[in-house]
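Enquirer: Here's a structure for you.
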Amino acid sequence: MKGLKIIVLAKQVPDTRNVGKDAMKADGTVNRAALPAIFNPEDLNALEQALRIKDNYPGTTVTLLTMGPGRAAEIVREGMYRGADKGYLLTDRAFAGSDTLATSYAISCAIKKINFDLIIAGRQAIDGDTAQVGPQVAEKLGLPQVTYAEHVDKIVKNKITIQRRLERGIETVTAPLPCLITVNATAPECRPRNAKHLMKFKHAKTVTELQSAVEDYYKLHEDRPYLRIPELSVLDVEADTNWLGLAGSPTKVKAIENVVFAAKDAKQLTADQKDLDWLMGELVANHTLG
Amino acid sequence: MNNIFVFCEIDEGKIADVSQELLTKGRSLANELKCNLEAIVIGSKLEGIESEIAPYGADTIFVADDKRLEFYLTLPFTTIIVDLFKKQQPQIALFGATSVGRDLGPRVSSALKSGLTADCTSLVIGNHEDKKEGKVYENLLYQIRPAFGGNIIATIINPDCRPQMATVREGVMKKEIINKNHKSKVVAIDVNKVVTDVDFAVEIIERHMEPRKIDIKKSQVIVSGGYGVGSRENFKLLYELAHVLGGEVGASRAAVDAGYVDHARQVGQTGVTVRPKLYIACGISGQVQHTAGMEESAMIISINTDPTAPITKIADYNITGDVSEVVPRLIEAYRKHSK
Ligand SMILES: Cc1cc2nc3c(=O)[nH]c(=O)nc-3n(C[C@H](O)[C@H](O)[C@H](O)COP(=O)(O)OP(=O)(O)OC[C@H]3O[C@@H](n4cnc5c(N)ncnc54)[C@H](O)[C@@H]3O)c2cc1C
Ligand SMILES: Nc1ncnc2c1ncn2[C@@H]1O[C@H](COP(=O)(O)O)[C@@H](O)[C@H]1O
């Protein structure tokens, strides 16, 4: 088996464990600027699977693809520090407000511009917990999909053998290449940064970052073209703007409510039906129940 | 046209609980919208499967029966459903938020260019006014779900695209037989006319599934009983409350030791640790070995005859009273407040 060209889909997500009051904007979309941003956890599991294939099949290249605002270049670098060969940042104002369908459309347009044998995504992103983008990208590209992957066994004659983790057990399947895999959190953790890669890619940047950098990296980037993280726009990937952003998203956020859990100053109730009716009303109203 | 579809998943040869819960919900939505409830079931050796769907009030059941479809496969299942939905043009389509539904739903939604909302906790019919466009949409499906790691509750709508698709987890909706003698129209789908060999590109070569066990850890609501419940007979009340709230029954060790309930349900140091959204402790004193396994619950309600029992210190609501009196009243109260 010769090496494969693998694309890993990774998203920079707000760390939902640290959510404050200003997390949502008035239009119901996420105010990313107000939150710490991290590499989506299951996308690290996805990256590790790609790196393991690279270990086992020399000649394999791992390319990270992320769609997001300028700062999402951070996770492209993070991926490179851990062993990815290169990465793209798909970024454009026209993508803002995209739901999963519009996101997967944009990503599928970008993938059509990149050569690949295999796409690996995380199972789900912790900001939305939808687990939809992987299968939707596969559908848009007309590829078979294998979700909940925990382990890639082997690749023989363009067939990949994968173990899937389901609710109550394990299923082993084979899929033809090219295909798309989504990886579970139960798969092996991602290896840490590697000092050699860190040195090599420390100054990897997008053009936008070069322009706003205090130091002058132009000469360095000219000598070492691998340091450039290409930015892809709507025009670059030839996407139809009707299918992007808020306009291209069939789902709309109608309303947002913050969840407030009652503080532990206990309320004392009697066994009277009146008290119990009130309690159940409270639990339904604050979404503890149904 | 314009009906509600429920994808009925097969689990161990039977219609999955989550699908029957969705049929129940689908029936009440269909009544409200004055449309039909339709079911689709895909699998192998499905003779007689209607009897597990019809009692929930389906008007029509579409059956795709083929030996190649014994186990779920993304591509043929998608092809069959997309083909059916293109012909039937449903307004709403519901799937269980299982490993099957969450693999299938997005694939179908992408093929139909229609919106899908994952893991809804509530589905309600309502109107929507788009002020910018000056347009009013009537009878949309409000798809209500927690987002952002549970920090917010969002109401999602799909104003323009059909079907409006949603997945829902097991245990979130109530399951209720409408009429055990209800008859549905059964329509067989000619599988060979729809699927092609390309749909079988992914092959299953091995499956190791364990039988379903009680696992209360996954439940968002736990009704837990202690020695104070008094008997195995009285525990039935707790099962009833857990059922209407869509939860599971837990227990203290004293209740397990007394033989009121199985050990698999024991919470605490020598049982399981749980963190549900709601933990209702019925007749449990609250010794540390017990509280170690449940104190991280988001909300705790205690029902105890003793207003000074240790559990009252960690509870959010303390109901002073007898379990056998309070529990039936809670069931009644919940029924009043839920739709
Ligand atoms: C090493 C070790 C490990 C243990 N591990 C666990 C463990 O994992 N889980 C666990 O639960 N325990 C464990 N225990 C036992 C624990 O210490 C307690 O004995 C046990 O939790 C008590 O159970 P209880 O609250 O149901 O019973 P009790 O302490 O007898 O309390 C019964 C309560 O019910 C109330 N009551 C009585 N009648 C009624 C009524 N009609 N209506 C309402 N309330 C009523 C009473 O006021 C009282 O508060 C462990 C103990 C040891 C030593
Ligand atoms: N903006 C994005 N850029 C790159 N990959 C993404 C993006 N959004 C989602 N993905 C991929 O799709 C998976 C599922 O995301 P989601 O459907 O949002 O839960 C993620 O784990 C990523 O692998």
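Labels used: A, B, ... for chains in the order of the structure tokens, numbers from 1 for residues in each chain, and numbers from 1 for ligands as shown.
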Extract the full set of helix (DSSP H, G or I) residues from region 216-268 of chain B according to DSSP on the backbone, and format it as a ChimeraX atom specification.
Expert: /B:216-218,227-229,232-245,253-257,263-265
Enquirer: Put those residues in a file: C-alpha atoms, as a compact mmCIF listing (two decimals), in the first residue's frame.
Expert:
```txt
# COMPACT_ATOMS: atom_id res chain seq x y z
CA ILE B 216 -29.21 4.35 34.96
CA LYS B 217 -26.11 6.50 34.42
CA LYS B 218 -27.36 7.77 31.10
CA TYR B 227 -35.34 1.98 52.93
CA GLY B 228 -38.10 4.47 53.67
CA VAL B 229 -40.03 3.32 50.58
CA ARG B 232 -41.01 -3.90 46.80
CA GLU B 233 -44.68 -3.17 46.18
CA ASN B 234 -44.26 0.53 47.03
CA PHE B 235 -41.32 0.74 44.64
CA LYS B 236 -43.86 0.37 41.81
CA LEU B 237 -44.89 3.95 42.50
CA LEU B 238 -41.32 5.04 41.85
CA TYR B 239 -41.23 3.17 38.54
CA GLU B 240 -44.42 4.94 37.59
CA LEU B 241 -43.03 8.38 38.43
CA ALA B 242 -39.78 7.58 36.60
CA HIS B 243 -41.76 6.46 33.59
CA VAL B 244 -43.87 9.60 33.31
CA LEU B 245 -40.81 11.81 33.77
CA ARG B 253 -28.04 0.16 49.45
CA ALA B 254 -30.49 -0.32 52.27
CA ALA B 255 -33.28 -0.68 49.69
CA VAL B 256 -31.20 -3.13 47.66
CA ASP B 257 -30.26 -5.13 50.74
CA HIS B 263 -28.34 -4.16 42.64
CA ALA B 264 -27.77 -2.77 39.14
CA ARG B 265 -29.71 0.31 40.28
```
Enquirer: Counting only C-alpha atoms and all ligand atoms, which protein, DNA or RNA residues come within 6 Å of ligand 1, given as a list in words?
Expert: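 Residues satisfying the distance criterion: Gly226, Tyr227, Gly228, Val229, Ser252, Arg253, Ala254, Ala255, Val267, Gly268, Gln269, Thr270, Gly271, Gly283, Ile284, Ser285, Gly286, Gln287, Gln289, His290, Ile303, Asn304, Thr305, Asp306, Ala309, Gly321, Asp322 and Val323 of chain B.
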Enquirer: Please report, as JSON lines, each residue of chain A lying at most 6 Å from ligand 2, together with the nearest pair of atoms and the separation in Å rounded to one decimal; use only C-alpha atoms and all ligand atoms, and order rows by chain and ascending residue number.
Expert:
```
{"residue": "A:Leu9", "atom": "CA", "partner": "ligand 2", "partner_atom_place_in_ligand_line": "5 (N)", "distance": 4.1}
{"residue": "A:Ala10", "atom": "CA", "partner": "ligand 2", "partner_atom_place_in_ligand_line": "5 (N)", "distance": 4.1}
{"residue": "A:Lys11", "atom": "CA", "partner": "ligand 2", "partner_atom_place_in_ligand_line": "3 (N)", "distance": 4.3}
{"residue": "A:Glu42", "atom": "CA", "partner": "ligand 2", "partner_atom_place_in_ligand_line": "21 (O)", "distance": 5.8}
{"residue": "A:Asp43", "atom": "CA", "partner": "ligand 2", "partner_atom_place_in_ligand_line": "21 (O)", "distance": 5.1}
{"residue": "A:Leu65", "atom": "CA", "partner": "ligand 2", "partner_atom_place_in_ligand_line": "4 (C)", "distance": 5.8}
{"residue": "A:Thr66", "atom": "CA", "partner": "ligand 2", "partner_atom_place_in_ligand_line": "4 (C)", "distance": 3.8}
{"residue": "A:Met67", "atom": "CA", "partner": "ligand 2", "partner_atom_place_in_ligand_line": "3 (N)", "distance": 3.8}
{"residue": "A:Gly68", "atom": "CA", "partner": "ligand 2", "partner_atom_place_in_ligand_line": "1 (N)", "distance": 5.4}
{"residue": "A:Thr100", "atom": "CA", "partner": "ligand 2", "partner_atom_place_in_ligand_line": "17 (O)", "distance": 6.0}
{"residue": "A:Ala121", "atom": "CA", "partner": "ligand 2", "partner_atom_place_in_ligand_line": "23 (O)", "distance": 3.5}
{"residue": "A:Gly122", "atom": "CA", "partner": "ligand 2", "partner_atom_place_in_ligand_line": "21 (O)", "distance": 3.3}
{"residue": "A:Arg123", "atom": "CA", "partner": "ligand 2", "partner_atom_place_in_ligand_line": "21 (O)", "distance": 4.9}
{"residue": "A:Gln124", "atom": "CA", "partner": "ligand 2", "partner_atom_place_in_ligand_line": "19 (O)", "distance": 3.3}
{"residue": "A:Ala125", "atom": "CA", "partner": "ligand 2", "partner_atom_place_in_ligand_line": "19 (O)", "distance": 3.8}
{"residue": "A:Gly128", "atom": "CA", "partner": "ligand 2", "partner_atom_place_in_ligand_line": "18 (O)", "distance": 5.6}
{"residue": "A:Asp129", "atom": "CA", "partner": "ligand 2", "partner_atom_place_in_ligand_line": "19 (O)", "distance": 4.7}
{"residue": "A:Thr130", "atom": "CA", "partner": "ligand 2", "partner_atom_place_in_ligand_line": "19 (O)", "distance": 4.0}
{"residue": "A:Ala131", "atom": "CA", "partner": "ligand 2", "partner_atom_place_in_ligand_line": "19 (O)", "distance": 3.6}
{"residue": "A:Gln132", "atom": "CA", "partner": "ligand 2", "partner_atom_place_in_ligand_line": "17 (O)", "distance": 3.7}
{"residue": "A:Val133", "atom": "CA", "partner": "ligand 2", "partner_atom_place_in_ligand_line": "17 (O)", "distance": 3.8}
{"residue": "A:Gly134", "atom": "CA", "partner": "ligand 2", "partner_atom_place_in_ligand_line": "12 (O)", "distance": 4.7}
```
Enquirer: As an exercise, work out the distance from CA of Leu276 (chain A) to CA of Arg275 (chain B) in Å and give it to one decimal place.
Expert: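 Interatomic distance, CA of Leu276 (chain A) to CA of Arg275 (chain B): 23.3 Å.
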Enquirer: Report as a PyMOL selection string the set of chain B residues whose atoms approach chain A to within 7 Å, with distances computed over only C-alpha atoms.
Expert: chain B and resi 99+103+106-107+110-111+114-115+118+121-122+147-149+151-158+160-161+172+201-210+277-278+315-321+326+329-330+333-334+337
Enquirer: One decimal, Å: what's the distance from CA of Val237 (chain A) over to CA of Ala110 (chain A), could you say?
Expert: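 Distance reported for this atom pair: 5.1 Å.
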Enquirer: Restricting the calculation to only C-alpha atoms, which member of A:Cys109, A:Ala33, A:Leu141, A:Leu118 is positioned closest to Ile155 (chain A)?
Expert: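 That would be A:Leu118, the residue with the smallest distance to Ile155 (chain A).
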Enquirer: I'd like the interatomic distance between CA of Tyr218 (chain A) and CA of His203 (chain A), to a tenth of an Å.
Expert: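 Taking CA of Tyr218 (chain A) as the start and CA of His203 (chain A) as the end point, the length is 10.6 Å.
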Enquirer: Do you know which residues are at most 12 Å from Lys193 (chain B) counting only C-alpha atoms, after dropping those on the same chain fewer than 6 positions away, and could you put them as a PyMOL selection string?
Expert: chain B and resi 64+66+76+79-80+83-84
Enquirer: Would you output that residue set with C-alpha atoms, as an mmCIF file, in the first residue's frame?
Expert:
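Below is the file selection_33.cif, written as the result:
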```
data_model
loop_
_atom_site.group_PDB
_atom_site.id
_atom_site.type_symbol
_atom_site.label_atom_id
_atom_site.label_comp_id
_atom_site.auth_asym_id
_atom_site.auth_seq_id
_atom_site.Cartn_x
_atom_site.Cartn_y
_atom_site.Cartn_z
ATOM 1 C CA ALA B 64 -38.807 -2.035 3.149
ATOM 2 C CA ASP B 66 -34.872 -7.206 2.203
ATOM 3 C CA PRO B 76 -29.221 1.850 1.209
ATOM 4 C CA THR B 79 -31.518 5.907 -0.640
ATOM 5 C CA ILE B 80 -34.806 4.307 0.421
ATOM 6 C CA ASP B 83 -36.731 8.264 -2.499
ATOM 7 C CA LEU B 84 -39.812 7.928 -0.276
#
```
Enquirer: In terms of the shortest atom-to-atom distance over only C-alpha atoms, which of A:Lys196, A:Leu64, A:Ile6, A:Cys190 is closest to Arg77 (chain A)?
Expert: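 Using only C-alpha atoms, the shortest distance to Arg77 (chain A) belongs to A:Leu64.
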